[in-house]
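Asks: Provided below: final-v5.txt, containing compact mmCIF, C-alpha atoms.
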# COMPACT_ATOMS: atom_id res chain seq x y z
CA MET A 1 4.32 -6.59 14.29
CA MET A 2 2.23 -9.74 14.44
CA ARG A 3 3.13 -12.48 11.99
CA ARG A 4 1.23 -15.60 11.05
CA ARG A 5 2.85 -18.97 11.62
CA TRP A 6 3.67 -20.95 8.53
CA SER A 7 4.29 -24.66 8.29
CA LYS A 8 7.20 -26.13 6.39
CA ASP A 9 4.72 -27.35 3.84
CA SER A 10 3.70 -23.75 3.11
CA GLU A 11 6.89 -23.32 1.09
CA THR A 12 5.12 -25.06 -1.77
CA ASP A 13 1.44 -24.72 -0.84
CA PRO A 14 -0.66 -22.79 -3.35
CA SER A 15 -1.89 -19.45 -2.14
CA SER A 16 -5.49 -20.72 -2.17
CA SER A 17 -4.76 -22.49 1.13
CA LEU A 18 -3.45 -19.25 2.61
CA TYR A 19 -6.56 -17.21 1.78
CA PRO A 20 -9.29 -19.84 2.36
CA LEU A 21 -12.70 -19.67 0.72
CA ARG A 22 -16.06 -20.59 2.17
CA PRO A 23 -16.96 -24.19 1.25
CA ASP A 24 -20.08 -23.12 -0.65
CA CYS A 25 -18.01 -20.78 -2.87
CA ALA A 26 -14.86 -22.84 -3.49
CA ASN A 27 -16.10 -24.59 -6.63
CA ASN A 28 -17.00 -21.32 -8.39
CA ALA A 29 -13.75 -19.49 -7.67
CA PRO A 30 -10.82 -19.30 -10.13
CA ASP A 31 -7.97 -21.70 -9.41
CA THR A 32 -4.84 -20.19 -7.88
CA LYS A 33 -1.70 -20.70 -9.95
CA PHE A 34 0.74 -18.97 -7.62
CA LYS A 35 3.02 -21.28 -5.66
CA ILE A 36 5.88 -20.44 -3.33
CA LYS A 37 9.03 -21.51 -5.17
CA VAL A 38 12.25 -21.98 -3.23
CA GLY A 39 15.05 -19.97 -4.85
CA ARG A 40 12.66 -17.73 -6.78
CA THR A 41 10.01 -16.35 -4.41
CA LEU A 42 11.22 -13.66 -1.99
CA SER A 43 11.54 -15.73 1.19
CA VAL A 44 11.42 -14.66 4.83
CA ARG A 45 15.16 -15.31 5.16
CA LYS A 46 16.10 -13.32 2.04
CA TRP A 47 13.85 -10.47 3.13
CA HIS A 48 15.43 -10.17 6.57
CA ALA A 49 18.91 -10.49 5.08
CA ALA A 50 18.22 -7.50 2.79
CA PHE A 51 18.27 -5.07 5.76
CA SER A 52 21.37 -3.45 7.19
CA GLN A 53 21.97 -3.37 10.92
CA GLN A 54 20.41 0.13 11.10
CA GLY A 55 17.45 -0.88 8.95
CA SER A 56 18.11 0.39 5.42
CA LEU A 57 16.82 -1.97 2.74
CA HIS A 58 18.86 -3.29 -0.21
CA ILE A 59 15.92 -2.77 -2.53
CA ALA A 60 17.64 -3.99 -5.73
CA SER A 61 17.97 -7.58 -4.49
CA VAL A 62 14.39 -7.53 -3.23
CA LEU A 63 13.01 -6.32 -6.57
CA SER A 64 14.93 -8.99 -8.44
CA ARG A 65 13.39 -11.75 -6.31
CA ILE A 66 9.86 -10.41 -6.54
CA GLN A 67 10.09 -10.09 -10.31
CA ARG A 68 11.10 -13.75 -10.51
CA GLY A 69 8.64 -15.35 -8.11
CA GLY A 70 6.56 -12.94 -6.04
CA VAL A 71 6.57 -12.57 -2.26
CA HIS A 72 6.17 -15.20 0.45
CA PRO A 73 2.80 -14.54 2.13
CA ALA A 74 4.39 -14.43 5.60
CA ILE A 75 6.11 -11.12 4.74
CA ARG A 76 3.71 -9.72 2.15
CA ASN A 77 2.39 -7.08 4.56
CA GLU A 78 5.91 -5.74 5.25
CA VAL A 79 7.08 -5.87 1.64
CA TRP A 80 4.01 -4.12 0.27
CA GLU A 81 4.63 -1.10 2.51
CA PHE A 82 7.89 -0.54 0.65
CA LEU A 83 6.55 -1.37 -2.82
CA LEU A 84 3.71 1.12 -2.36
CA GLY A 85 5.99 3.90 -1.16
CA CYS A 86 4.95 3.97 2.50
CA PHE A 87 8.62 3.90 3.48
CA ASP A 88 11.93 4.97 1.98
CA PRO A 89 14.29 2.01 1.46
CA ASP A 90 17.11 4.14 2.92
CA SER A 91 15.23 4.76 6.16
CA THR A 92 16.24 3.18 9.47
CA PHE A 93 14.14 0.99 11.77
CA ASP A 94 13.73 3.91 14.19
CA GLU A 95 12.70 6.32 11.43
CA ARG A 96 10.05 3.92 10.17
CA ASP A 97 8.69 3.38 13.69
CA HIS A 98 8.34 7.16 14.03
CA ILE A 99 6.61 7.48 10.65
CA ARG A 100 4.26 4.61 11.44
CA ASN A 101 3.25 6.07 14.81
CA THR A 102 2.72 9.53 13.27
CA ARG A 103 0.53 8.08 10.55
CA ARG A 104 -1.51 6.04 13.00
CA MET A 105 -2.21 9.19 15.01
CA GLN A 106 -3.15 11.07 11.83
CA TYR A 107 -5.57 8.33 10.81
CA ALA A 108 -7.08 8.32 14.31
CA ARG A 109 -7.69 12.09 14.03
CA TRP A 110 -9.33 11.74 10.61
CA LYS A 111 -11.48 8.87 11.81
CA GLU A 112 -12.56 10.80 14.88
CA ARG A 113 -13.50 13.77 12.67
CA CYS A 114 -15.62 11.41 10.54
CA ARG A 115 -17.21 9.93 13.67
CA GLU A 116 -18.16 13.44 14.80
CA MET A 117 -19.93 13.97 11.46
CA ASP A 118 -21.61 10.56 11.56
CA SER A 119 -21.64 8.33 14.61
CA HIS A 120 -21.72 5.10 12.58
CA VAL A 121 -18.02 5.48 11.78
CA GLY A 122 -16.06 3.31 14.19
CA SER A 123 -19.26 1.91 15.72
CA GLY A 124 -19.03 -1.55 14.18
CA LYS A 125 -22.07 -0.82 12.00
CA ILE A 126 -22.19 -0.60 8.24
CA ILE A 127 -24.73 1.67 6.56
CA THR A 128 -26.44 0.12 3.53
CA ALA A 129 -29.31 2.58 3.03
CA PRO A 130 -29.31 6.38 2.64
CA ILE A 131 -29.05 8.33 5.89
CA ILE A 132 -29.57 11.79 4.39
CA THR A 133 -31.42 13.40 1.51
CA GLU A 134 -29.63 15.29 -1.24
CA ASP A 135 -30.69 18.60 0.27
CA GLY A 136 -29.21 17.66 3.66
CA VAL A 137 -32.24 16.43 5.64
CA PRO A 138 -31.37 13.43 7.88
CA ILE A 139 -33.36 10.23 7.39
CA LYS A 140 -34.21 9.20 10.95
CA ASP A 141 -34.66 5.47 10.41
CA PRO A 142 -32.23 3.99 7.87
CA LEU A 143 -33.61 0.67 6.67
CA VAL A 144 -30.47 -1.39 7.01
CA LEU A 145 -27.56 -1.40 9.40
CA LEU A 146 -25.16 -4.32 9.58
CA GLU A 147 -23.99 -4.98 13.13
CA ALA A 148 -20.34 -5.90 12.70
CA THR A 149 -20.09 -7.03 16.30
CA SER A 150 -22.79 -9.69 16.03
CA ASP A 151 -22.59 -13.16 14.56
CA GLN A 152 -25.42 -12.56 12.10
CA SER A 153 -26.32 -9.65 9.82
CA THR A 154 -29.28 -7.85 11.38
CA LEU A 155 -31.92 -5.56 9.94
CA GLN A 156 -32.80 -2.77 12.26
CA GLY A 157 -33.82 0.84 12.43
CA GLY A 158 -31.47 3.42 13.81
CA SER A 159 -31.14 7.12 14.31
CA THR A 160 -28.52 9.10 12.45
CA SER A 161 -26.21 11.57 14.05
CA SER A 162 -25.27 14.98 12.71
CA GLY A 163 -22.22 14.93 14.95
CA ASN A 164 -21.29 17.97 16.98
CA GLY A 165 -23.44 20.39 14.99
CA ASN A 166 -20.88 21.48 12.39
CA GLY A 167 -22.68 22.65 9.26
CA VAL A 168 -26.14 21.96 10.73
CA ASP A 169 -29.23 24.14 10.58
CA GLU A 170 -30.34 23.73 14.21
CA ALA A 171 -33.96 24.75 13.53
CA MET A 172 -34.50 22.25 10.73
CA GLY A 173 -31.96 19.57 11.64
CA ARG A 174 -30.67 20.05 8.10
CA LEU A 175 -27.03 19.93 7.08
CA THR A 176 -25.83 23.01 5.22
CA ASP A 177 -22.18 22.07 4.59
CA LYS A 178 -22.09 20.73 1.02
CA GLN A 179 -18.91 18.69 1.59
CA ILE A 180 -20.44 16.88 4.56
CA ILE A 181 -23.65 16.25 2.64
CA GLU A 182 -21.76 14.78 -0.31
CA TRP A 183 -19.71 12.58 2.02
CA LYS A 184 -22.78 11.31 3.90
CA LEU A 185 -24.51 10.51 0.61
CA THR A 186 -21.70 8.06 -0.25
CA LEU A 187 -21.74 6.11 3.03
CA HIS A 188 -24.53 3.70 2.12
CA GLN A 189 -22.96 3.02 -1.31
CA ILE A 190 -19.71 2.13 0.44
CA GLY A 191 -21.69 -0.25 2.65
CA LEU A 192 -23.39 -1.96 -0.28
CA ASP A 193 -20.05 -2.43 -2.05
CA VAL A 194 -18.32 -3.69 1.10
CA LEU A 195 -20.95 -6.42 1.47
CA ARG A 196 -20.24 -7.55 -2.10
CA THR A 197 -16.43 -7.49 -1.83
CA ASP A 198 -14.58 -10.82 -1.54
CA ARG A 199 -17.55 -12.38 0.21
CA SER A 200 -16.38 -15.85 -0.80
CA MET A 201 -13.47 -15.50 1.64
CA VAL A 202 -13.58 -16.94 5.14
CA PHE A 203 -11.84 -13.75 6.31
CA TYR A 204 -14.99 -11.68 5.73
CA GLU A 205 -17.22 -14.01 7.72
CA LYS A 206 -15.96 -11.95 10.66
CA LYS A 207 -18.15 -8.86 10.69
CA GLU A 208 -15.41 -6.76 12.31
CA ASN A 209 -13.34 -7.16 9.13
CA LEU A 210 -16.24 -5.85 7.05
CA SER A 211 -16.57 -2.94 9.46
CA LYS A 212 -12.87 -2.18 9.18
CA LEU A 213 -13.13 -2.05 5.38
CA TRP A 214 -16.14 0.27 5.59
CA ASP A 215 -14.42 2.59 8.06
CA ILE A 216 -11.27 2.93 5.94
CA LEU A 217 -13.24 3.70 2.78
CA ALA A 218 -15.44 6.20 4.66
CA VAL A 219 -12.38 8.03 6.01
CA TYR A 220 -10.69 8.02 2.61
CA ALA A 221 -13.83 9.42 0.96
CA TRP A 222 -13.67 12.34 3.41
CA ILE A 223 -9.99 13.24 3.02
CA ASP A 224 -10.00 12.90 -0.79
CA LYS A 225 -12.75 15.42 -1.45
CA GLU A 226 -11.94 15.71 -5.15
CA VAL A 227 -12.49 12.02 -5.91
CA GLY A 228 -14.39 10.80 -2.84
CA TYR A 229 -15.58 7.20 -3.05
CA CYS A 230 -16.22 5.34 -6.31
CA GLN A 231 -17.27 1.78 -7.01
CA GLY A 232 -14.21 -0.45 -7.36
CA MET A 233 -12.27 1.08 -4.48
CA SER A 234 -13.47 -1.64 -2.12
CA ASP A 235 -11.82 -4.25 -4.38
CA LEU A 236 -8.55 -2.33 -4.18
CA CYS A 237 -8.72 -1.82 -0.42
CA SER A 238 -9.76 -5.35 0.56
CA PRO A 239 -6.29 -6.95 0.21
CA MET A 240 -4.86 -4.31 2.54
CA ILE A 241 -7.38 -5.31 5.22
CA VAL A 242 -6.51 -8.98 4.76
CA LEU A 243 -2.74 -8.46 4.93
CA LEU A 244 -2.31 -5.77 7.59
CA ASN A 245 -3.67 -6.28 11.09
CA ASP A 246 -3.62 -2.61 12.06
CA GLU A 247 -6.45 -0.60 10.51
CA ALA A 248 -4.33 2.57 10.18
CA ASP A 249 -1.51 0.68 8.42
CA ALA A 250 -4.05 -0.83 6.00
CA PHE A 251 -5.45 2.66 5.36
CA TRP A 252 -2.05 4.09 4.46
CA CYS A 253 -1.27 1.24 2.07
CA PHE A 254 -4.61 1.87 0.38
CA GLU A 255 -3.94 5.63 0.29
CA ARG A 256 -0.57 4.98 -1.40
CA LEU A 257 -2.19 2.67 -3.94
CA MET A 258 -4.77 5.34 -4.68
CA ARG A 259 -1.95 7.80 -5.42
CA ARG A 260 -1.27 5.67 -8.50
CA LEU A 261 -4.90 5.03 -9.40
CA ARG A 262 -7.02 7.98 -8.27
CA GLY A 263 -6.86 9.47 -11.77
CA ASN A 264 -8.88 6.46 -12.97
CA PHE A 265 -11.71 7.46 -10.63
CA ARG A 266 -11.66 11.18 -11.40
CA CYS A 267 -14.67 11.67 -13.69
CA THR A 268 -16.18 14.84 -15.15
CA GLN A 269 -19.09 15.53 -17.46
CA GLN A 270 -16.60 15.61 -20.32
CA SER A 271 -14.46 12.53 -19.63
CA VAL A 272 -14.14 9.23 -17.79
CA GLY A 273 -11.17 9.06 -15.41
CA VAL A 274 -9.69 5.95 -16.98
CA GLU A 275 -9.94 7.45 -20.47
CA ASN A 276 -6.21 8.24 -20.67
CA GLN A 277 -5.30 4.61 -20.15
CA LEU A 278 -7.91 3.46 -22.67
CA GLN A 279 -6.40 5.86 -25.21
CA HIS A 280 -2.91 4.54 -24.46
CA LEU A 281 -4.20 1.00 -24.94
CA ALA A 282 -5.73 1.91 -28.29
CA SER A 283 -2.45 3.48 -29.44
CA ILE A 284 -0.42 0.44 -28.37
CA ILE A 285 -2.69 -2.08 -30.12
CA GLN A 286 -2.77 0.13 -33.22
CA VAL A 287 1.03 0.02 -33.38
CA LEU A 288 1.56 -3.63 -32.36
CA ASP A 289 -1.49 -5.28 -33.95
CA PRO A 290 -3.12 -2.91 -36.46
CA LYS A 291 -5.34 -5.68 -37.87
CA LEU A 292 -6.85 -6.33 -34.42
CA HIS A 293 -7.27 -2.60 -33.79
CA ASP A 294 -9.14 -2.15 -37.08
CA HIS A 295 -11.34 -5.14 -36.27
CA LEU A 296 -12.20 -3.74 -32.84
CA GLU A 297 -13.13 -0.42 -34.43
CA THR A 298 -15.35 -2.23 -36.92
CA LEU A 299 -17.13 -3.93 -34.02
CA GLY A 300 -17.70 -0.58 -32.32
CA GLY A 301 -15.07 -1.25 -29.66
CA GLY A 302 -12.52 1.32 -30.83
CA ASP A 303 -12.94 3.26 -27.60
CA TYR A 304 -11.71 0.13 -25.73
CA LEU A 305 -14.32 0.63 -22.99
CA PHE A 306 -14.58 -3.17 -22.77
CA ALA A 307 -11.26 -3.03 -20.86
CA PHE A 308 -12.67 -0.59 -18.29
CA ARG A 309 -13.00 -3.14 -15.47
CA MET A 310 -9.45 -4.49 -15.85
CA PHE A 311 -8.04 -1.02 -15.26
CA MET A 312 -10.39 -0.02 -12.45
CA VAL A 313 -9.80 -3.02 -10.18
CA LEU A 314 -6.45 -4.27 -11.56
CA PHE A 315 -7.58 -7.72 -12.72
CA ARG A 316 -9.33 -8.61 -9.45
CA ARG A 317 -12.18 -10.20 -11.45
CA GLU A 318 -9.86 -12.11 -13.79
CA LEU A 319 -7.78 -13.77 -11.06
CA SER A 320 -8.19 -15.60 -7.78
CA PHE A 321 -7.52 -13.51 -4.67
CA GLY A 322 -4.05 -15.02 -4.22
CA ASP A 323 -3.09 -14.58 -7.87
CA SER A 324 -4.25 -10.96 -7.89
CA LEU A 325 -1.88 -10.24 -4.99
CA TYR A 326 0.89 -12.00 -6.91
CA LEU A 327 0.18 -9.91 -10.02
CA TRP A 328 0.04 -6.65 -8.07
CA GLU A 329 3.36 -7.15 -6.31
CA MET A 330 5.09 -8.09 -9.56
CA MET A 331 3.63 -5.00 -11.25
CA TRP A 332 4.79 -2.76 -8.41
CA ALA A 333 8.26 -4.33 -8.38
CA LEU A 334 8.59 -3.81 -12.15
CA GLU A 335 7.43 -0.18 -11.87
CA TYR A 336 9.29 0.56 -8.64
CA ASP A 337 10.79 4.03 -8.24
CA PRO A 338 12.86 4.55 -5.05
CA ASP A 339 12.05 8.28 -5.12
CA MET A 340 8.35 7.50 -4.74
CA PHE A 341 8.33 7.95 -0.97
CA SER A 342 9.91 11.42 -1.18
CA ARG A 343 7.48 12.60 -3.86
CA TYR A 344 4.50 11.34 -1.87
CA GLU A 345 5.68 13.17 1.23
CA GLU A 346 6.10 16.39 -0.77
CA THR A 347 2.55 16.45 -2.13
CA GLY A 348 0.57 15.26 0.91
CA PRO A 349 -2.15 12.58 1.24
CA ALA A 350 -4.88 11.86 -1.32
CA THR A 351 -3.10 13.59 -4.19
CA ASP A 352 -1.57 12.51 -7.48
CA ILE A 353 2.07 11.48 -7.86
CA ALA A 354 4.33 14.47 -8.54
CA GLN A 355 5.88 14.03 -11.97
CA GLY A 356 8.88 15.50 -13.67
CA SER A 357 11.40 15.72 -10.80
CA LYS A 358 14.86 14.35 -11.42
CA PRO A 359 15.76 11.04 -9.75
CA ARG A 360 17.64 11.44 -6.46
CA VAL A 361 18.99 7.89 -6.68
CA LYS A 362 22.15 7.21 -8.65
CA SER A 363 21.96 3.46 -9.18
CA THR A 364 19.39 2.35 -11.76
CA ARG A 365 19.37 -1.10 -10.12
CA GLN A 366 17.15 0.41 -7.42
CA PHE A 367 14.44 0.93 -10.04
CA GLY A 368 12.16 -1.78 -11.34
CA LYS A 369 12.85 -3.40 -14.71
CA TYR A 370 9.92 -1.67 -16.44
CA GLU A 371 10.88 1.70 -14.97
CA ARG A 372 14.51 1.24 -16.08
CA ALA A 373 13.38 0.62 -19.66
CA ASN A 374 11.35 3.84 -19.59
CA MET A 375 14.31 5.79 -18.18
CA LYS A 376 16.65 4.36 -20.81
CA ASN A 377 14.31 5.41 -23.61
CA GLY A 378 13.46 8.79 -22.12
CA VAL A 379 9.79 7.92 -21.67
CA ASN A 380 8.11 10.38 -19.31
CA GLY A 381 4.95 12.03 -20.58
CA VAL A 382 2.96 14.83 -18.98
CA ASP A 383 1.25 12.31 -16.68
CA GLY A 384 4.37 10.16 -16.29
CA PRO A 385 5.12 6.93 -18.16
CA VAL A 386 2.30 4.64 -19.27
CA PRO A 387 1.48 2.26 -16.37
CA ILE A 388 2.45 -1.37 -16.89
CA SER A 389 -1.23 -2.25 -16.41
CA VAL A 390 -1.87 -0.87 -19.92
CA PHE A 391 0.62 -3.35 -21.40
CA LEU A 392 -0.90 -6.12 -19.28
CA VAL A 393 -4.30 -5.49 -20.85
CA ALA A 394 -2.61 -5.26 -24.26
CA SER A 395 -1.01 -8.66 -23.64
CA VAL A 396 -4.45 -10.17 -22.92
CA LEU A 397 -5.75 -8.78 -26.23
CA LYS A 398 -2.69 -10.00 -28.12
CA GLU A 399 -2.99 -13.45 -26.57
CA ASN A 400 -6.59 -13.64 -27.80
CA SER A 401 -6.01 -11.79 -31.08
CA GLN A 402 -6.73 -14.70 -33.43
CA LYS A 403 -9.83 -15.72 -31.52
CA LEU A 404 -11.12 -12.16 -31.57
CA LEU A 405 -10.44 -11.80 -35.30
CA GLN A 406 -12.10 -15.10 -36.19
CA GLU A 407 -15.03 -15.29 -33.77
CA ALA A 408 -15.98 -11.76 -32.68
CA ARG A 409 -18.79 -10.43 -34.88
CA GLY A 410 -20.09 -7.87 -32.42
CA LEU A 411 -19.45 -6.33 -29.02
CA ASP A 412 -21.27 -9.18 -27.29
CA ASP A 413 -18.83 -11.68 -28.83
CA LEU A 414 -15.90 -9.47 -27.85
CA ILE A 415 -17.01 -9.31 -24.22
CA ARG A 416 -17.80 -13.03 -24.12
CA ILE A 417 -14.32 -13.96 -25.37
CA LEU A 418 -12.60 -11.66 -22.89
CA ASN A 419 -14.80 -12.89 -20.05
CA ASN A 420 -13.47 -16.37 -20.73
CA VAL A 421 -10.08 -15.03 -19.60
CA ASN A 422 -11.50 -15.02 -16.04
CA GLY A 423 -9.70 -17.65 -14.03
CA ASN A 424 -7.41 -18.60 -16.91
CA LEU A 425 -4.98 -15.69 -16.71
CA ASP A 426 -1.46 -16.57 -15.54
CA ALA A 427 -0.05 -13.61 -13.60
CA LYS A 428 3.63 -14.40 -14.20
CA LYS A 429 3.18 -15.06 -17.93
CA ALA A 430 1.05 -11.93 -18.27
CA CYS A 431 3.82 -9.78 -16.75
CA GLU A 432 6.44 -11.38 -19.00
CA ALA A 433 4.24 -10.78 -22.04
CA ALA A 434 3.64 -7.17 -20.96
CA LEU A 435 7.40 -6.54 -20.73
CA LYS A 436 7.95 -7.97 -24.20
CA LEU A 437 5.16 -5.84 -25.66
CA HIS A 438 6.58 -2.79 -23.90
CA ALA A 439 10.04 -3.40 -25.38
CA LYS A 440 8.57 -3.98 -28.85
CA TYR A 441 6.44 -0.85 -28.60
CA LEU A 442 9.43 1.27 -27.55
CA ARG A 443 11.48 -0.05 -30.49
CA LYS A 444 8.71 0.76 -32.95
CA MET A 445 8.19 4.22 -31.51
CA GLN A 446 11.92 4.93 -31.54
CA GLY A 447 12.00 3.87 -35.20
CA LYS A 448 9.32 6.44 -36.02
CA LYS A 449 11.37 9.32 -34.62
CA PRO A 450 13.11 11.49 -37.26
Would you write the structure of this file as C-alpha cells?

Replies:
Amino acid sequence: MMRRRWSKDSETDPSSSLYPLRPDCANNAPDTKFKIKVGRTLSVRKWHAAFSQQGSLHIASVLSRIQRGGVHPAIRNEVWEFLLGCFDPDSTFDERDHIRNTRRMQYARWKERCREMDSHVGSGKIITAPIITEDGVPIKDPLVLLEATSDQSTLQGGSTSSGNGNGVDEAMGRLTDKQIIEWKLTLHQIGLDVLRTDRSMVFYEKKENLSKLWDILAVYAWIDKEVGYCQGMSDLCSPMIVLLNDEADAFWCFERLMRRLRGNFRCTQQSVGVENQLQHLASIIQVLDPKLHDHLETLGGGDYLFAFRMFMVLFRRELSFGDSLYLWEMMWALEYDPDMFSRYEETGPATDIAQGSKPRVKSTRQFGKYERANMKNGVNGVDGPVPISVFLVASVLKENSQKLLQEARGLDDLIRILNNVNGNLDAKKACEAALKLHAKYLRKMQGKKP
C-alpha cells in the first residue's frame, strides 16, 4: 500500500496543510482546528504496534487513542477501513489481503457491467446533461461531457451507448428495462454534484480524481437499486477518494459508510429518509431543554427540518475538510462495534446493518465509549441505538440555546444563527458535549421508567 511521506514538522502541522486548498479559495474556507498532538493522536508507531505478528488488531487501544486525539493522516486510510467495518480486527494480514483482492475483483465486475450499460463509465468522462429521456429514448448529443483526461474542462457533443443491447428495443433504439432507465437518468445528476464537491481542494484540480468520484457513485447507484443516488452522497464519498489511492478500496469504504447512512436517503411519498433522526432529535431536545423545544415549535421549526443538512452530509458544510475527517473518525470510534464486519458480511452489499444479534465479542473494551454506554443501559431500538450524530446536532442546539431563545423570532433567524456555526464548530468539543448529553439523556429516561 502506498503511503505519503510526512516531515517531522507534520507532527504538529494543522490538517489544512495536508489537504491544501486552491489559493483563490483559501480565504473563504473554514479554519482547521485539528492538530496532530503527540501522546494523544493515534500515531504511525502506535498503530503498527497495535498489530500482532499474524495481523490481528488490538482494537481497544486504537479506539482509546482516536477518541482522545483523532488519527494521524499518514495512516488514516488504513484506520478507516477498520472503523467502517471493512475488516474484522481479529483477521490476519493474509485474510485481509484475500478479502481486499476479492472485493477489488467484485468492484471491477460491477464497473464493467455499468460500462456495458453506458460507455461513459470508466472512460474518464463525466456526464453533466441528460443522456436519456424518461421513457428510455437515448439523447444522441449530450450537451456537456467533462474530459477527465484533459487539462481543461471541455464542452463537446458525444454519442451515448446502450451497451450490449440488454433491455433495448432494437427497432426504436429505446431502452425497455426500467432499472437501467432509472440508473441512466441519475448519471448527469451525479456529474453535476461531483463538479460541485470539494472544488476548493487542489486534489480535485486533477480531472482523473473527479472521474474516479463519478465512477464510484455511478456504480453504487446501480448496485443499490432501492436507494440509488441522492444528492449529498458525493460529499460522503469524496474523503474516501482523497484518502485511498485504489478506486475499489475507496468504493468499499463508501459502501460501508452507506450501510450506516442509507436510511437517511431512503425517501417515499409518505416520509423523508432522515425523518427518524429528526424525530429522535426532537425527543432529545424536549427532554433536555424543553424551553428551547417549545420555542422552536412556536417558530414553526418543531419538525427540526432545519437540521436536515447536518444529518445528510455529517457536518461537511459546518467544518473544514480536515476537521470533518477528524469528527467522522471520532464518531466512528465512539460508536465502534467489533461485530460490525460479521453483520455486514451476513447481509451483503448495499443493505442496512442487521440489528438485534447478540454480541460475539466478550470484552466491552473492544466497543466504542458511546456504544458501551448504550449496552450498559440496554439501549437498542428497532432500528438500533440512536446514532451519535443525533446528539452532536443536539449539542449544537444546546450550545446556541440562549441565542436562539433571545434572538430567533422566525425560521429565517433560526437558520441564520445556525449557519453562523459554519467554520466555528470544534469537532473534539462537539463530541465531548454529545457524550455528556447522551449520558444526561439516558439518566433522565431511566428515571422515567416505572

Asks: What are the nearest atom pairs, with distances in Å to one decimal, for all residues of range 349-429 of chain A that come at most 9 Å from range 308-316 of chain A, using all atoms listed in the file, set out by chain and rising residue number as JSON lines?

Replies:
{"residue": "A:Ser389", "atom": "CA", "partner": "A:Phe311", "partner_atom": "CA", "distance": 7.0}
{"residue": "A:Val390", "atom": "CA", "partner": "A:Phe311", "partner_atom": "CA", "distance": 7.7}
{"residue": "A:Val393", "atom": "CA", "partner": "A:Met310", "partner_atom": "CA", "distance": 7.2}
{"residue": "A:Asn422", "atom": "CA", "partner": "A:Phe315", "partner_atom": "CA", "distance": 8.9}

Asks: In the coordinates of the file, take the point (10.0, -3.6, -15.1) and a cut-off of 9 Å; then, counting only C-alpha atoms, name each qualifying protein, DNA or RNA residue as a PyMOL selection string.

Replies: chain A and resi 67+330-336+367-374+388+431+435

Asks: What lies within 8 Å of Thr197 in chain A using all atoms listed in the file, ignoring chain neighbours under 3 positions off, as a ChimeraX atom specification?

Replies: /A:193-194,234-235,238

Asks: Go through A:Ala434, A:Arg260, A:Met375, A:Pro385 and flag the residue nearest Leu84 in chain A, using all atoms listed in the file for the distances.

Replies: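 Between A:Ala434, A:Arg260, A:Met375, A:Pro385, the residue approaching Leu84 in chain A most closely is A:Arg260.
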
Asks: So which one's closest to Pro73 in chain A, A:Asn264, A:Lys184, A:Leu244, A:Leu192? Using only C-alpha atoms, please.

Replies: A:Leu244
